[in-house]
Amino acid sequence: MWITGETAEHTVQRQTTLARCQIRLSCDDVTIILKWEEERMSSGQQSVTGVDSADDANSYWRIRGKPDGVCQRGVPIRCGQAIRITHMKTGRNLHSHHFSSPLSNHQEVSAFGENGEGDDLDVWAVQCSGTYWERDDAVRFKHTGTDVFLSVTGEQYGHPIRGQHEVHGMPSPNQQNYWKVMEGVFIQPSSDPVRHDEL
(Lines give C-alpha, C1' and ligand atoms only; values in the text may rest on other atoms or scores of the structure.)
Protein backbone atom coordinates (compact mmCIF):
# COMPACT_ATOMS: atom_id res chain seq x y z
CA MET A 1 0.00 0.00 0.00
CA TRP A 2 2.58 2.61 0.61
CA ILE A 3 6.24 2.18 0.55
CA THR A 4 8.84 4.32 -1.00
CA GLY A 5 12.41 4.36 -2.10
CA GLU A 6 15.17 2.13 -0.91
CA THR A 7 14.85 3.15 2.73
CA ALA A 8 11.07 3.01 2.91
CA GLU A 9 10.23 6.65 2.42
CA HIS A 10 6.50 6.81 1.86
CA THR A 11 4.01 9.18 0.44
CA VAL A 12 0.45 10.10 1.15
CA GLN A 13 -0.34 10.06 -2.55
CA ARG A 14 1.08 6.67 -3.33
CA GLN A 15 -1.15 4.12 -5.03
CA THR A 16 -0.22 0.59 -4.17
CA THR A 17 -1.62 -2.88 -3.84
CA LEU A 18 -1.34 -4.80 -0.60
CA ALA A 19 -1.24 -8.57 -0.78
CA ARG A 20 -0.90 -11.68 1.36
CA CYS A 21 -0.02 -14.93 -0.42
CA GLN A 22 -0.99 -13.36 -3.77
CA ILE A 23 -4.41 -12.35 -2.43
CA ARG A 24 -4.86 -8.63 -2.93
CA LEU A 25 -6.82 -6.34 -0.61
CA SER A 26 -9.81 -5.12 -2.61
CA CYS A 27 -12.88 -2.98 -2.10
CA ASP A 28 -15.95 -3.39 -4.28
CA ASP A 29 -19.11 -1.35 -4.45
CA VAL A 30 -20.93 -4.08 -2.53
CA THR A 31 -22.27 -3.61 0.97
CA ILE A 32 -22.02 -6.27 3.63
CA ILE A 33 -25.67 -7.07 4.22
CA LEU A 34 -25.76 -10.67 5.26
CA LYS A 35 -28.01 -12.34 7.76
CA TRP A 36 -26.96 -15.53 9.41
CA GLU A 37 -27.83 -17.76 12.36
CA GLU A 38 -29.23 -16.24 15.56
CA GLU A 39 -30.53 -13.24 13.59
CA ARG A 40 -27.17 -11.44 13.82
CA MET A 41 -26.52 -8.85 11.14
CA SER A 42 -23.44 -7.32 9.61
CA SER A 43 -22.75 -3.59 9.69
CA GLY A 44 -24.09 -2.90 6.20
CA GLN A 45 -20.86 -1.05 5.32
CA GLN A 46 -18.89 -1.47 2.09
CA SER A 47 -17.17 -4.84 1.74
CA VAL A 48 -13.40 -5.30 1.82
CA THR A 49 -12.30 -8.60 0.33
CA GLY A 50 -9.25 -10.41 -0.98
CA VAL A 51 -8.93 -11.12 -4.70
CA ASP A 52 -6.56 -13.31 -6.71
CA SER A 53 -6.40 -11.04 -9.75
CA ALA A 54 -3.28 -8.92 -10.17
CA ASP A 55 -5.09 -6.45 -12.42
CA ASP A 56 -8.05 -5.69 -10.14
CA ALA A 57 -8.71 -1.93 -10.35
CA ASN A 58 -10.31 -2.03 -6.88
CA SER A 59 -7.04 -3.07 -5.21
CA TYR A 60 -5.38 0.35 -4.96
CA TRP A 61 -5.09 2.02 -1.58
CA ARG A 62 -3.15 4.95 -0.18
CA ILE A 63 -1.63 5.63 3.21
CA ARG A 64 -2.58 8.74 5.13
CA GLY A 65 -1.84 10.08 8.57
CA LYS A 66 -4.26 9.42 11.40
CA PRO A 67 -7.08 11.99 11.76
CA ASP A 68 -5.12 14.29 14.07
CA GLY A 69 -1.77 13.75 12.35
CA VAL A 70 -0.11 14.42 9.05
CA CYS A 71 1.77 11.93 6.89
CA GLN A 72 4.20 14.06 4.87
CA ARG A 73 5.29 12.95 1.42
CA GLY A 74 8.76 11.43 1.49
CA VAL A 75 8.88 10.89 5.27
CA PRO A 76 9.47 7.25 6.23
CA ILE A 77 6.66 5.38 7.98
CA ARG A 78 7.93 4.16 11.33
CA CYS A 79 7.21 0.72 12.70
CA GLY A 80 4.38 1.23 15.19
CA GLN A 81 3.13 4.40 13.48
CA ALA A 82 -0.65 4.90 13.33
CA ILE A 83 -2.03 5.39 9.80
CA ARG A 84 -5.24 5.35 7.80
CA ILE A 85 -5.54 3.17 4.71
CA THR A 86 -7.84 4.80 2.16
CA HIS A 87 -9.32 3.10 -0.89
CA MET A 88 -8.37 5.06 -4.02
CA LYS A 89 -11.57 4.51 -5.98
CA THR A 90 -14.19 5.05 -3.25
CA GLY A 91 -12.38 7.36 -0.81
CA ARG A 92 -13.43 5.12 2.09
CA ASN A 93 -11.07 4.06 4.88
CA LEU A 94 -10.16 0.55 5.95
CA HIS A 95 -12.27 0.15 9.09
CA SER A 96 -13.09 -2.40 11.76
CA HIS A 97 -15.55 -2.59 14.66
CA HIS A 98 -17.22 -5.11 16.94
CA PHE A 99 -19.35 -6.86 14.32
CA SER A 100 -18.66 -10.50 13.49
CA SER A 101 -17.50 -11.27 9.98
CA PRO A 102 -20.07 -13.29 8.04
CA LEU A 103 -18.00 -16.32 7.02
CA SER A 104 -15.35 -16.94 9.69
CA ASN A 105 -17.04 -15.23 12.64
CA HIS A 106 -13.88 -13.19 13.26
CA GLN A 107 -14.15 -9.39 13.44
CA GLU A 108 -15.60 -7.64 10.39
CA VAL A 109 -13.35 -5.39 8.29
CA SER A 110 -15.12 -2.91 6.02
CA ALA A 111 -14.65 0.39 4.20
CA PHE A 112 -16.14 3.42 5.92
CA GLY A 113 -16.40 7.18 5.58
CA GLU A 114 -16.67 9.63 2.72
CA ASN A 115 -13.85 11.38 0.87
CA GLY A 116 -11.25 9.92 3.25
CA GLU A 117 -12.99 11.11 6.41
CA GLY A 118 -14.43 8.52 8.77
CA ASP A 119 -13.88 8.03 12.49
CA ASP A 120 -11.35 6.76 15.03
CA LEU A 121 -12.03 3.14 14.02
CA ASP A 122 -10.21 3.80 10.71
CA VAL A 123 -6.76 3.82 12.36
CA TRP A 124 -4.25 0.97 12.04
CA ALA A 125 -0.70 0.65 13.41
CA VAL A 126 2.05 -0.68 11.13
CA GLN A 127 3.92 -3.55 12.79
CA CYS A 128 7.30 -4.30 11.30
CA SER A 129 10.69 -5.51 12.51
CA GLY A 130 12.98 -2.52 12.00
CA THR A 131 12.77 1.20 12.57
CA TYR A 132 10.93 1.97 9.33
CA TRP A 133 8.60 0.08 7.02
CA GLU A 134 10.93 -1.07 4.25
CA ARG A 135 9.67 -1.51 0.70
CA ASP A 136 9.95 -5.32 0.61
CA ASP A 137 8.92 -5.97 4.24
CA ALA A 138 6.06 -8.25 5.19
CA VAL A 139 4.16 -6.24 7.81
CA ARG A 140 1.08 -6.52 10.00
CA PHE A 141 -1.64 -3.95 10.53
CA LYS A 142 -3.06 -3.82 14.04
CA HIS A 143 -6.37 -2.04 14.50
CA THR A 144 -5.81 0.58 17.21
CA GLY A 145 -9.44 0.65 18.36
CA THR A 146 -10.02 -3.08 18.86
CA ASP A 147 -6.51 -4.66 18.80
CA VAL A 148 -7.22 -7.14 15.97
CA PHE A 149 -4.86 -7.84 13.06
CA LEU A 150 -5.88 -7.40 9.42
CA SER A 151 -6.10 -10.99 8.15
CA VAL A 152 -7.26 -13.21 5.33
CA THR A 153 -7.75 -16.97 5.55
CA GLY A 154 -9.45 -19.37 3.15
CA GLU A 155 -13.13 -18.40 3.40
CA GLN A 156 -14.65 -17.32 0.08
CA TYR A 157 -17.91 -15.57 -0.71
CA GLY A 158 -20.62 -16.70 -3.07
CA HIS A 159 -22.98 -14.40 -4.97
CA PRO A 160 -22.55 -11.40 -5.64
CA ILE A 161 -18.77 -11.46 -5.02
CA ARG A 162 -18.13 -15.12 -5.84
CA GLY A 163 -14.61 -16.35 -5.20
CA GLN A 164 -13.45 -13.31 -3.26
CA HIS A 165 -11.83 -14.03 0.10
CA GLU A 166 -13.14 -12.73 3.40
CA VAL A 167 -10.84 -10.13 4.99
CA HIS A 168 -11.33 -9.88 8.73
CA GLY A 169 -9.65 -9.02 12.03
CA MET A 170 -8.03 -11.77 14.11
CA PRO A 171 -7.15 -11.33 17.79
CA SER A 172 -3.61 -12.74 17.59
CA PRO A 173 -0.61 -12.29 15.30
CA ASN A 174 -0.08 -15.30 13.01
CA GLN A 175 0.81 -16.23 9.43
CA GLN A 176 -2.61 -15.12 8.14
CA ASN A 177 -1.93 -11.47 8.94
CA TYR A 178 1.31 -10.66 7.14
CA TRP A 179 0.90 -8.24 4.22
CA LYS A 180 3.28 -6.96 1.57
CA VAL A 181 3.17 -4.18 -1.00
CA MET A 182 2.97 -5.66 -4.48
CA GLU A 183 3.02 -2.65 -6.78
CA GLY A 184 2.46 1.06 -6.59
CA VAL A 185 3.90 4.50 -6.86
CA PHE A 186 6.98 4.88 -4.66
CA ILE A 187 8.56 8.29 -4.13
CA GLN A 188 12.24 8.58 -3.28
CA PRO A 189 12.70 11.68 -1.14
CA SER A 190 15.39 14.14 -2.00
CA SER A 191 18.14 14.66 0.57
CA ASP A 192 18.66 18.22 -0.67
CA PRO A 193 15.92 20.83 -0.59
CA VAL A 194 14.54 21.73 -4.01
CA ARG A 195 15.75 25.15 -5.16
CA HIS A 196 14.35 27.21 -7.98
CA ASP A 197 16.32 29.96 -9.72
CA GLU A 198 13.29 31.45 -11.41
CA LEU A 199 10.59 33.55 -9.78
# chains A, B, ... in the order shown; residues from 1 in each chain; ligands from 1
$ residues_around --residues "A:His98" --least-positions-apart "3" --cutoff "9 Å" --atoms "only C-alpha atoms" --output "list in words"
Gln107, Glu108 and Thr146 of chain A
$ write_last_selection --atoms "all heavy atoms" --output "PDB file, in the first residue's frame"
ATOM      1  N   GLN A 107     -13.639 -10.756  13.421  1.00  0.00           N
ATOM      2  CA  GLN A 107     -14.153  -9.387  13.438  1.00  0.00           C
ATOM      3  C   GLN A 107     -14.247  -8.832  12.016  1.00  0.00           C
ATOM      4  O   GLN A 107     -13.328  -8.987  11.222  1.00  0.00           O
ATOM      5  CB  GLN A 107     -13.245  -8.502  14.297  1.00  0.00           C
ATOM      6  CG  GLN A 107     -13.805  -7.099  14.502  1.00  0.00           C
ATOM      7  CD  GLN A 107     -13.061  -6.371  15.595  1.00  0.00           C
ATOM      8  OE1 GLN A 107     -13.036  -6.815  16.731  1.00  0.00           O
ATOM      9  NE2 GLN A 107     -12.452  -5.253  15.243  1.00  0.00           N
ATOM     10  N   GLU A 108     -15.367  -8.199  11.719  1.00  0.00           N
ATOM     11  CA  GLU A 108     -15.596  -7.644  10.387  1.00  0.00           C
ATOM     12  C   GLU A 108     -14.619  -6.518  10.075  1.00  0.00           C
ATOM     13  O   GLU A 108     -14.315  -5.692  10.928  1.00  0.00           O
ATOM     14  CB  GLU A 108     -17.033  -7.103  10.313  1.00  0.00           C
ATOM     15  CG  GLU A 108     -17.402  -6.540   8.960  1.00  0.00           C
ATOM     16  CD  GLU A 108     -18.819  -5.982   8.953  1.00  0.00           C
ATOM     17  OE1 GLU A 108     -19.754  -6.763   8.754  1.00  0.00           O
ATOM     18  OE2 GLU A 108     -18.968  -4.762   9.177  1.00  0.00           O
ATOM     19  N   THR A 146      -9.544  -1.791  18.353  1.00  0.00           N
ATOM     20  CA  THR A 146     -10.024  -3.083  18.860  1.00  0.00           C
ATOM     21  C   THR A 146      -8.915  -4.121  19.019  1.00  0.00           C
ATOM     22  O   THR A 146      -9.191  -5.240  19.447  1.00  0.00           O
ATOM     23  CB  THR A 146     -11.112  -3.656  17.935  1.00  0.00           C
ATOM     24  OG1 THR A 146     -10.536  -3.905  16.647  1.00  0.00           O
ATOM     25  CG2 THR A 146     -12.300  -2.708  17.808  1.00  0.00           C
TER      26      THR A 146
END
$ closest_atom_pairs --of "stretch 53-143 of chain A" --to "stretch 160-174 of chain A" --cutoff "9 Å" --atoms "only C-alpha atoms" --output "CSV"
residue,atom,partner,partner_atom,distance
A:Ser96,CA,A:Gly169,CA,7.5
A:Ser100,CA,A:His168,CA,8.8
A:Ser101,CA,A:His168,CA,6.4
A:Pro102,CA,A:Glu166,CA,8.4
A:Leu103,CA,A:Glu166,CA,7.0
A:Ser104,CA,A:Glu166,CA,7.9
A:Asn105,CA,A:His168,CA,8.7
A:His106,CA,A:Gly169,CA,6.1
A:Gln107,CA,A:Gly169,CA,4.7
A:Glu108,CA,A:His168,CA,5.1
A:Val109,CA,A:His168,CA,4.9
A:Ser110,CA,A:His168,CA,8.4
A:Arg140,CA,A:Pro173,CA,8.0
A:Lys142,CA,A:Gly169,CA,8.6
A:His143,CA,A:Gly169,CA,8.1
$ residues_around --residues "A:Val126" --least-positions-apart "4" --cutoff "8 Å" --atoms "only C-alpha atoms" --output "ChimeraX atom specification"
/A:78-83,133,139-142
$ write_last_selection --atoms "N, CA, C and O atoms" --output "mmCIF file, in the first residue's frame"
data_model
loop_
_atom_site.group_PDB
_atom_site.id
_atom_site.type_symbol
_atom_site.label_atom_id
_atom_site.label_comp_id
_atom_site.auth_asym_id
_atom_site.auth_seq_id
_atom_site.Cartn_x
_atom_site.Cartn_y
_atom_site.Cartn_z
ATOM 1 N N ARG A 78 7.269 4.880 10.252
ATOM 2 C CA ARG A 78 7.933 4.161 11.332
ATOM 3 C C ARG A 78 7.152 2.916 11.716
ATOM 4 O O ARG A 78 5.935 2.898 11.655
ATOM 5 N N CYS A 79 7.861 1.895 12.135
ATOM 6 C CA CYS A 79 7.212 0.719 12.703
ATOM 7 C C CYS A 79 6.477 1.168 13.959
ATOM 8 O O CYS A 79 7.026 1.902 14.780
ATOM 9 N N GLY A 80 5.209 0.803 14.071
ATOM 10 C CA GLY A 80 4.378 1.233 15.189
ATOM 11 C C GLY A 80 3.564 2.480 14.917
ATOM 12 O O GLY A 80 2.684 2.830 15.701
ATOM 13 N N GLN A 81 3.834 3.165 13.803
ATOM 14 C CA GLN A 81 3.125 4.398 13.479
ATOM 15 C C GLN A 81 1.658 4.118 13.156
ATOM 16 O O GLN A 81 1.323 3.148 12.490
ATOM 17 N N ALA A 82 0.784 4.999 13.622
ATOM 18 C CA ALA A 82 -0.649 4.897 13.328
ATOM 19 C C ALA A 82 -0.937 5.581 11.997
ATOM 20 O O ALA A 82 -0.468 6.691 11.739
ATOM 21 N N ILE A 83 -1.708 4.897 11.139
ATOM 22 C CA ILE A 83 -2.025 5.394 9.803
ATOM 23 C C ILE A 83 -3.491 5.117 9.488
ATOM 24 O O ILE A 83 -4.158 4.363 10.198
ATOM 25 N N TRP A 133 9.214 1.051 7.919
ATOM 26 C CA TRP A 133 8.598 0.084 7.016
ATOM 27 C C TRP A 133 9.391 0.098 5.722
ATOM 28 O O TRP A 133 9.366 1.068 4.968
ATOM 29 N N VAL A 139 4.555 -6.967 6.609
ATOM 30 C CA VAL A 139 4.165 -6.237 7.815
ATOM 31 C C VAL A 139 2.781 -6.688 8.277
ATOM 32 O O VAL A 139 2.050 -7.348 7.538
ATOM 33 N N ARG A 140 2.436 -6.309 9.484
ATOM 34 C CA ARG A 140 1.084 -6.518 10.002
ATOM 35 C C ARG A 140 0.459 -5.162 10.240
ATOM 36 O O ARG A 140 1.146 -4.173 10.492
ATOM 37 N N PHE A 141 -0.881 -5.143 10.197
ATOM 38 C CA PHE A 141 -1.639 -3.946 10.529
ATOM 39 C C PHE A 141 -2.526 -4.282 11.719
ATOM 40 O O PHE A 141 -3.392 -5.155 11.622
ATOM 41 N N LYS A 142 -2.289 -3.588 12.826
ATOM 42 C CA LYS A 142 -3.063 -3.824 14.043
ATOM 43 C C LYS A 142 -4.055 -2.677 14.215
ATOM 44 O O LYS A 142 -3.672 -1.511 14.223
#
